[in-house]
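Colleague: Here you go, data_21.csv (CSV, C-alpha atoms and all ligand atoms):
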chain,number,residue,atom,x,y,z
A,28,MET,CA,34.7,141.6,133.0
A,29,SER,CA,33.0,139.4,130.4
A,30,GLU,CA,34.5,136.8,128.0
A,31,ARG,CA,37.0,138.9,126.2
A,32,SER,CA,40.5,140.0,125.7
A,33,PHE,CA,41.4,143.4,127.2
A,34,LYS,CA,44.3,145.7,127.8
A,35,ALA,CA,45.1,147.6,131.0
A,36,ARG,CA,47.9,149.9,132.2
A,37,GLY,CA,48.8,149.4,135.8
A,38,LEU,CA,51.1,148.4,138.7
A,39,VAL,CA,52.0,144.9,140.0
A,40,LEU,CA,51.0,145.0,143.7
A,41,ARG,CA,51.6,141.4,144.6
A,42,THR,CA,52.7,138.1,143.1
A,43,ARG,CA,52.3,134.5,144.5
A,44,ASN,CA,53.2,131.1,143.2
A,45,LEU,CA,50.3,129.1,141.7
A,46,GLY,CA,50.6,125.4,140.9
A,47,GLU,CA,53.7,124.0,139.4
A,48,ALA,CA,54.9,126.9,137.1
A,49,ASP,CA,52.3,129.8,137.2
A,50,ARG,CA,52.1,133.0,139.1
A,51,LEU,CA,49.0,134.8,140.5
A,52,VAL,CA,49.5,138.5,140.1
A,53,THR,CA,47.5,141.2,141.8
A,54,MET,CA,47.2,144.2,139.5
A,55,LEU,CA,46.1,147.8,140.2
A,56,THR,CA,45.1,149.3,136.9
A,57,PHE,CA,43.8,152.6,135.6
A,58,GLU,CA,41.2,150.9,133.4
A,59,GLU,CA,39.9,148.0,135.4
A,60,GLY,CA,40.7,148.7,139.0
A,61,LYS,CA,42.3,146.0,141.1
A,62,PHE,CA,42.1,142.3,140.1
A,63,GLU,CA,44.1,139.1,140.2
A,64,ALA,CA,45.4,137.5,137.0
A,65,VAL,CA,47.3,134.3,136.2
A,66,ALA,CA,50.7,134.5,134.4
A,67,LYS,CA,50.9,131.0,133.0
A,68,GLY,CA,54.3,129.4,133.0
A,69,ALA,CA,55.9,132.5,134.5
A,70,ARG,CA,58.2,130.5,136.8
A,71,LYS,CA,59.7,128.6,133.9
A,72,ILE,CA,63.3,129.7,133.0
A,73,LYS,CA,62.5,130.6,129.4
A,74,SER,CA,59.2,132.4,130.2
A,75,LYS,CA,58.8,135.6,128.3
A,76,LEU,CA,56.2,136.9,130.8
A,77,ALA,CA,58.3,136.5,133.9
A,78,ALA,CA,60.2,139.8,133.9
A,79,GLY,CA,57.2,141.9,133.0
A,80,ILE,CA,55.1,140.7,135.9
A,81,ASP,CA,57.6,141.2,138.7
A,82,LEU,CA,56.6,143.0,141.8
A,83,PHE,CA,57.0,146.8,141.5
A,84,THR,CA,56.5,146.9,137.7
A,85,PHE,CA,54.4,149.6,136.0
A,86,GLY,CA,53.4,148.7,132.5
A,87,ASN,CA,50.9,147.9,129.8
A,88,PHE,CA,49.4,144.4,130.0
A,89,ASN,CA,47.2,142.3,127.8
A,90,PHE,CA,44.7,139.8,129.3
A,91,HIS,CA,42.2,137.2,128.2
A,92,GLN,CA,39.4,136.4,130.5
A,93,GLY,CA,39.8,132.9,131.7
A,94,LYS,CA,37.3,130.7,133.7
A,95,THR,CA,38.5,131.8,137.1
A,96,TRP,CA,41.0,134.6,136.6
A,97,PRO,CA,42.1,136.8,133.7
A,98,ILE,CA,45.2,135.3,132.0
A,99,VAL,CA,48.1,137.6,131.3
A,100,THR,CA,48.8,137.2,127.5
A,101,GLY,CA,51.4,140.0,127.1
A,102,GLN,CA,53.3,142.7,128.9
A,103,ASP,CA,55.2,145.8,128.0
A,104,PRO,CA,56.9,147.3,131.1
A,105,ILE,CA,57.1,151.1,131.2
A,106,GLU,CA,59.0,151.4,134.5
A,107,ARG,CA,60.6,148.7,136.7
A,108,PHE,CA,61.5,149.4,140.3
A,109,ASN,CA,64.0,146.5,140.6
A,110,ARG,CA,66.0,148.3,143.3
A,111,PHE,CA,63.1,147.7,145.8
A,112,ARG,CA,63.7,143.9,145.5
A,113,GLU,CA,67.4,144.2,145.6
A,114,ASP,CA,67.8,146.7,148.4
A,115,PRO,CA,66.9,145.4,151.9
A,116,ASP,CA,66.4,148.9,153.2
A,117,LEU,CA,63.9,149.8,150.5
A,118,PHE,CA,62.0,146.5,150.1
A,119,PRO,CA,59.9,146.6,153.3
A,120,TYR,CA,58.7,150.2,152.5
A,121,GLY,CA,57.7,149.3,148.9
A,122,LEU,CA,56.0,146.2,150.2
A,123,TYR,CA,54.1,148.3,152.9
A,124,LEU,CA,52.7,150.7,150.3
A,125,ASN,CA,51.5,147.8,148.2
A,126,GLU,CA,50.0,145.8,151.0
A,127,LEU,CA,48.2,148.9,152.4
A,128,THR,CA,46.8,149.6,148.9
A,129,ASP,CA,45.9,145.9,148.3
A,130,LYS,CA,43.9,145.7,151.6
A,131,LEU,CA,42.1,149.1,151.2
A,132,ILE,CA,41.1,148.7,147.6
A,133,SER,CA,38.5,146.0,147.4
A,134,GLY,CA,37.7,145.2,143.8
A,135,CYS,CA,37.1,146.6,140.4
A,136,GLU,CA,36.4,150.2,141.3
A,137,LYS,CA,38.0,152.8,139.1
A,138,CYS,CA,41.0,154.0,140.9
A,139,ASP,CA,43.0,156.4,138.6
A,140,ALA,CA,44.0,158.7,141.5
A,141,ILE,CA,45.2,155.8,143.6
A,142,CYS,CA,47.2,154.4,140.7
A,143,ASN,CA,48.8,157.8,140.3
A,144,LEU,CA,49.5,158.1,144.0
A,145,LEU,CA,51.2,154.7,144.2
A,146,LEU,CA,53.2,155.3,141.1
A,147,ALA,CA,54.4,158.7,142.3
A,148,SER,CA,55.3,157.0,145.7
A,149,TRP,CA,57.3,154.2,144.1
A,150,ARG,CA,59.2,156.9,142.2
A,151,ALA,CA,59.8,159.0,145.3
A,152,LEU,CA,61.0,155.9,147.3
A,153,ASP,CA,63.3,155.0,144.4
A,154,GLY,CA,64.5,158.6,144.3
A,155,GLY,CA,65.6,158.6,147.9
A,156,LEU,CA,62.8,160.5,149.7
A,157,ASP,CA,62.7,160.0,153.5
A,158,LYS,CA,61.0,156.7,153.8
A,159,ASN,CA,59.0,157.5,156.9
A,160,LEU,CA,57.9,160.8,155.5
A,161,LEU,CA,56.7,159.0,152.4
A,162,CYS,CA,54.8,156.3,154.4
A,163,ARG,CA,53.0,158.9,156.6
A,164,ALA,CA,52.0,160.9,153.5
A,165,TYR,CA,50.9,157.8,151.7
A,166,GLU,CA,48.7,156.6,154.7
A,167,LEU,CA,46.9,160.0,154.9
A,168,LYS,CA,46.5,160.4,151.1
A,169,LEU,CA,45.3,156.8,150.5
A,170,ALA,CA,42.7,157.1,153.3
A,171,ASP,CA,41.6,160.4,151.9
A,172,LEU,CA,41.2,159.1,148.3
A,173,ALA,CA,39.4,156.0,149.6
A,174,GLY,CA,36.8,158.3,151.3
A,175,TYR,CA,38.0,158.2,154.9
A,176,HIS,CA,39.1,161.8,155.3
A,177,PRO,CA,40.7,162.5,158.7
A,178,HIS,CA,39.3,165.8,160.1
A,179,LEU,CA,42.4,167.8,161.0
A,180,HIS,CA,41.3,171.4,160.9
A,181,SER,CA,39.0,172.0,163.9
A,182,CYS,CA,37.3,170.3,166.8
A,183,ALA,CA,34.8,167.6,165.5
A,184,GLY,CA,32.6,168.4,168.5
A,185,CYS,CA,32.3,172.2,168.6
A,186,GLY,CA,34.3,173.5,165.7
A,187,SER,CA,37.0,175.3,167.7
A,188,PRO,CA,40.1,175.8,165.7
A,189,SER,CA,42.4,175.4,168.6
A,190,SER,CA,42.2,171.6,168.9
A,191,THR,CA,45.2,169.4,169.5
A,192,PHE,CA,43.7,166.2,170.7
A,193,PHE,CA,43.2,163.5,168.1
A,194,SER,CA,40.3,161.2,168.7
A,195,PRO,CA,40.6,157.9,166.8
A,196,ARG,CA,36.9,157.2,167.4
A,197,GLN,CA,35.9,160.6,165.9
A,198,GLY,CA,38.4,160.3,163.1
A,199,GLY,CA,39.6,163.8,163.8
A,200,LEU,CA,40.5,166.5,166.3
A,201,LEU,CA,38.8,167.5,169.6
A,202,CYS,CA,39.5,170.6,171.7
A,203,SER,CA,40.3,170.4,175.5
A,204,LYS,CA,36.6,171.0,176.4
A,205,CYS,CA,35.2,168.2,174.1
A,206,CYS,CA,37.9,165.6,174.5
A,207,GLY,CA,37.4,162.4,176.6
A,208,ALA,CA,39.9,159.9,177.8
A,209,ASP,CA,40.6,158.1,174.6
A,210,VAL,CA,42.5,160.9,172.8
A,211,ILE,CA,46.1,161.4,171.6
A,212,ASN,CA,47.7,164.7,172.3
A,213,VAL,CA,49.3,166.0,169.1
A,214,SER,CA,51.7,169.0,168.7
A,215,GLU,CA,50.7,171.9,166.5
A,216,GLY,CA,53.7,171.2,164.3
A,217,ALA,CA,52.7,167.6,163.7
A,218,LEU,CA,49.2,168.7,162.8
A,219,ALA,CA,50.5,171.3,160.4
A,220,LEU,CA,52.7,168.7,158.8
A,221,ALA,CA,49.7,166.3,158.4
A,222,ARG,CA,47.6,169.0,156.8
A,223,HIS,CA,50.5,169.8,154.4
A,224,LEU,CA,51.0,166.1,153.5
A,225,LEU,CA,47.3,165.8,152.6
A,226,LYS,CA,47.3,168.7,150.2
A,227,SER,CA,50.8,168.5,148.8
A,228,SER,CA,51.8,166.3,145.9
A,229,ILE,CA,54.2,163.4,146.6
A,230,GLU,CA,56.7,165.1,144.2
A,231,LYS,CA,56.9,168.2,146.4
A,232,LEU,CA,57.7,166.3,149.6
A,233,THR,CA,61.4,166.5,148.9
A,234,LEU,CA,61.3,170.1,150.1
A,235,LEU,CA,59.9,169.2,153.5
A,236,ARG,CA,62.1,168.9,156.6
A,237,PRO,CA,60.0,167.6,159.5
A,238,LEU,CA,61.2,168.4,163.0
A,239,PRO,CA,62.4,165.5,165.2
A,240,GLY,CA,59.4,163.6,166.7
A,241,GLN,CA,56.8,164.9,164.2
A,242,LEU,CA,56.8,161.8,162.0
A,243,GLU,CA,56.5,159.6,165.1
A,244,GLU,CA,53.5,161.6,166.2
A,245,LEU,CA,51.9,161.1,162.8
A,246,ALA,CA,52.7,157.4,162.8
A,247,THR,CA,50.7,157.1,166.1
A,248,ILE,CA,47.6,159.0,164.9
A,249,ASN,CA,47.6,157.3,161.5
A,250,THR,CA,47.9,153.8,163.1
A,251,ALA,CA,45.0,154.7,165.4
A,252,PHE,CA,42.9,156.2,162.6
A,253,TYR,CA,43.4,153.1,160.4
A,254,ALA,CA,42.6,150.7,163.3
A,255,HIS,CA,39.3,152.5,164.1
A,256,HIS,CA,38.0,153.3,160.7
A,257,LEU,CA,39.5,151.0,158.0
A,258,ASP,CA,39.5,147.6,159.6
A,259,LEU,CA,42.2,146.2,157.4
A,260,GLY,CA,43.5,143.6,159.8
A,261,GLU,CA,47.2,143.1,160.3
A,262,ILE,CA,49.5,144.8,157.8
A,263,LYS,CA,52.3,142.2,157.9
A,264,SER,CA,54.9,144.4,156.2
A,265,ARG,CA,54.5,147.1,158.8
A,266,ARG,CA,56.5,145.0,161.3
A,267,LEU,CA,59.5,145.3,159.0
A,268,LEU,CA,59.6,149.1,158.9
A,269,LEU,CA,62.1,151.1,160.9
A,270,THR,CA,59.8,153.7,162.4
B,301,ZN,ZN,35.4,171.2,171.0
Represent the structure contained in this file as structure tokens.
Ligand SMILES: [Zn+2]
Modeller:
Amino acid sequence: MSERSFKARGLVLRTRNLGEADRLVTMLTFEEGKFEAVAKGARKIKSKLAAGIDLFTFGNFNFHQGKTWPIVTGQDPIERFNRFREDPDLFPYGLYLNELTDKLISGCEKCDAICNLLLASWRALDGGLDKNLLCRAYELKLADLAGYHPHLHSCAGCGSPSSTFFSPRQGGLLCSKCCGADVINVSEGALALARHLLKSSIEKLTLLRPLPGQLEELATINTAFYAHHLDLGEIKSRRLLLT
């Protein structure tokens, strides 16, 4: 970004207090990727910026490039997901989606697909979709879009289709002949669910009814996959989830 004013449509991933009265806002935008911007005076009672830069806001924003960060000069919210901040059952899940995205997306890369995925996921969470189903789908899809595609169709060693051992190190399945000690046994049902989550849109997940235990299996393999391949460090909001 050069010395200039610019517009961007995007989502507020994170906000932090800065100095006496400002907020530092982490944006995920269609046009400029992920970046931090300062909302000057946003903590003052009469601030016109404050409501538009709340966490879980999707909108149009204007910026001017400052010396250190872009400065938010205007906002026009399109959708506000206020319920996430007001409902203690929803808040940790919304926070988790944001934190995972913030840690995985590093900078100003173009990320239209990830913006669309997160926006669809905020809408689904707001609409009452099973929170754990949404999180497992989000983990798989986000990793896939970021280029870390888990290999869930056949053995990564020999190609055998009858493979039900997940190897975090390989980032995919192994059959009984190829697997070593560090594998996780996964049911056929949980694998079928994971494949479906990867190819289905978030909007269609309302039709799914996972069997008991399948989401817990996916939580185990997703956690292991992220730990081995994405190196995101601790996801603090994960401790707040009811898995
Ligand atoms: Zn094999």
Colleague: Please build the interface table for chain A against ligand ZN 301 (chain B) with a cut-off of 7 Å, listing for each qualifying residue the nearest atom pair and the distance in Å to one decimal; count all atoms listed in the file, order rows by chain and increasing number, and write it as a Markdown table.
Modeller:
| residue | atom | partner | partner_atom | distance |
| --- | --- | --- | --- | --- |
| A:Cys182 | CA | B:ZN301 | ZN | 4.7 |
| A:Ala183 | CA | B:ZN301 | ZN | 6.6 |
| A:Gly184 | CA | B:ZN301 | ZN | 4.7 |
| A:Cys185 | CA | B:ZN301 | ZN | 4.0 |
| A:Gly186 | CA | B:ZN301 | ZN | 5.9 |
| A:Ser187 | CA | B:ZN301 | ZN | 5.5 |
| A:Leu201 | CA | B:ZN301 | ZN | 5.2 |
| A:Cys202 | CA | B:ZN301 | ZN | 4.2 |
| A:Ser203 | CA | B:ZN301 | ZN | 6.7 |
| A:Lys204 | CA | B:ZN301 | ZN | 5.5 |
| A:Cys205 | CA | B:ZN301 | ZN | 4.3 |
Colleague: Could you check which residues have any atom within 8 Å of (41.0, 156.6, 146.5), counting only C-alpha atoms with coordinates taken straight from the file, and then list them as a list in words?
Modeller: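 Output of the proximity query reads Ile132, Cys138, Ala140, Ile141, Leu169, Ala170, Asp171, Leu172, Ala173 and Gly174 of chain A.
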Colleague: Could you jot down the atom CA of A:Trp149 to atom CA of A:Leu51 separation for me, Å, one decimal place?
Modeller: 21.4 Å
Colleague: Residues near A:Leu234, anyone? I mean within 12 Å using all atoms listed in the file, not counting same-chain ones fewer than 5 positions away, as an MDAnalysis selection string.
Modeller: chainID A and resid 156:157 160 223:224 227:229
Colleague: Between atom CA of A:Asp258 and atom CA of A:Cys142, what is the spacing in Å?
Modeller: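 Distance between the two atoms: 21.5 Å.
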Colleague: Quick one: pull the distance between atom CA of A:Phe118 and atom CA of A:Arg265, Å, one decimal.
Modeller: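 Computing the Euclidean distance for atom CA of A:Phe118 and atom CA of A:Arg265 yields 11.5 Å.
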Colleague: Excluding A:Ala66 and residues on its chain fewer than 2 positions from it, collect all residues at most 6 Å away from it, counting all atoms listed in the file, and give them as a ChimeraX atom specification.
Modeller: /A:49-50,69,99
Colleague: Extract, using only C-alpha atoms, all DNA, RNA and protein residues at most 7 Å from stretch 91-93 of chain A, discarding same-chain residues fewer than 6 positions from it, and format them as a PyMOL selection string.
Modeller: chain A and resi 30-33+99-100
Colleague: Go through A:Gly199, A:Gly60, A:Gly154, A:Gly207 and flag the residue nearest A:Asn249, using all atoms listed in the file for the distances.
Modeller: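 Comparing A:Gly199, A:Gly60, A:Gly154, A:Gly207 against A:Asn249, the winner is A:Gly199.
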Colleague: Within 12 Å of (56.8, 146.0, 124.7) (coordinates as in the file), grab all the protein and nucleic acid residues, counting all atoms listed in the file, and write them out as a PDB file with C-alpha atoms, in the frame of the given file.
Modeller:
ATOM      1  CA  LYS A  75      58.800 135.600 128.300  1.00  0.00           C
ATOM      2  CA  LEU A  76      56.200 136.900 130.800  1.00  0.00           C
ATOM      3  CA  ALA A  78      60.200 139.800 133.900  1.00  0.00           C
ATOM      4  CA  GLY A  79      57.200 141.900 133.000  1.00  0.00           C
ATOM      5  CA  GLY A  86      53.400 148.700 132.500  1.00  0.00           C
ATOM      6  CA  ASN A  87      50.900 147.900 129.800  1.00  0.00           C
ATOM      7  CA  PHE A  88      49.400 144.400 130.000  1.00  0.00           C
ATOM      8  CA  ASN A  89      47.200 142.300 127.800  1.00  0.00           C
ATOM      9  CA  GLY A 101      51.400 140.000 127.100  1.00  0.00           C
ATOM     10  CA  GLN A 102      53.300 142.700 128.900  1.00  0.00           C
ATOM     11  CA  ASP A 103      55.200 145.800 128.000  1.00  0.00           C
ATOM     12  CA  PRO A 104      56.900 147.300 131.100  1.00  0.00           C
ATOM     13  CA  ILE A 105      57.100 151.100 131.200  1.00  0.00           C
ATOM     14  CA  GLU A 106      59.000 151.400 134.500  1.00  0.00           C
TER      15      GLU A 106
END
Colleague: Output, as lines of an AutoDock Vina configuration file, the centre and edge lengths in Å (one decimal) of the axis-aligned box that contains all listed atoms of stretch 44-63 of chain A with 8 Å of margin on each side.
Modeller:
center_x = 47.4
center_y = 138.3
center_z = 138.3
size_x = 31.0
size_y = 44.6
size_z = 25.8
Colleague: Check the smallest atom-to-atom distance from each of A:Leu82, A:Leu55, A:Ala164, A:Ile98 to A:Arg112 using only C-alpha atoms, then report the winner.
Modeller: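 Using only C-alpha atoms, A:Arg112 sits closest to A:Leu82.
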Colleague: Of the candidates A:Pro115, A:Pro237, A:Gly121, A:Gly68, which one gets nearest to A:Leu146 if we count only C-alpha atoms?
Modeller: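 Among the listed residues, A:Gly121 lies closest to A:Leu146.
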Colleague: Nearest residue to A:Val65 out of A:Phe85, A:Thr95, A:Asp114, A:Glu47, using all atoms listed in the file?
Modeller: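 Smallest separation from A:Val65 among the options: A:Thr95.
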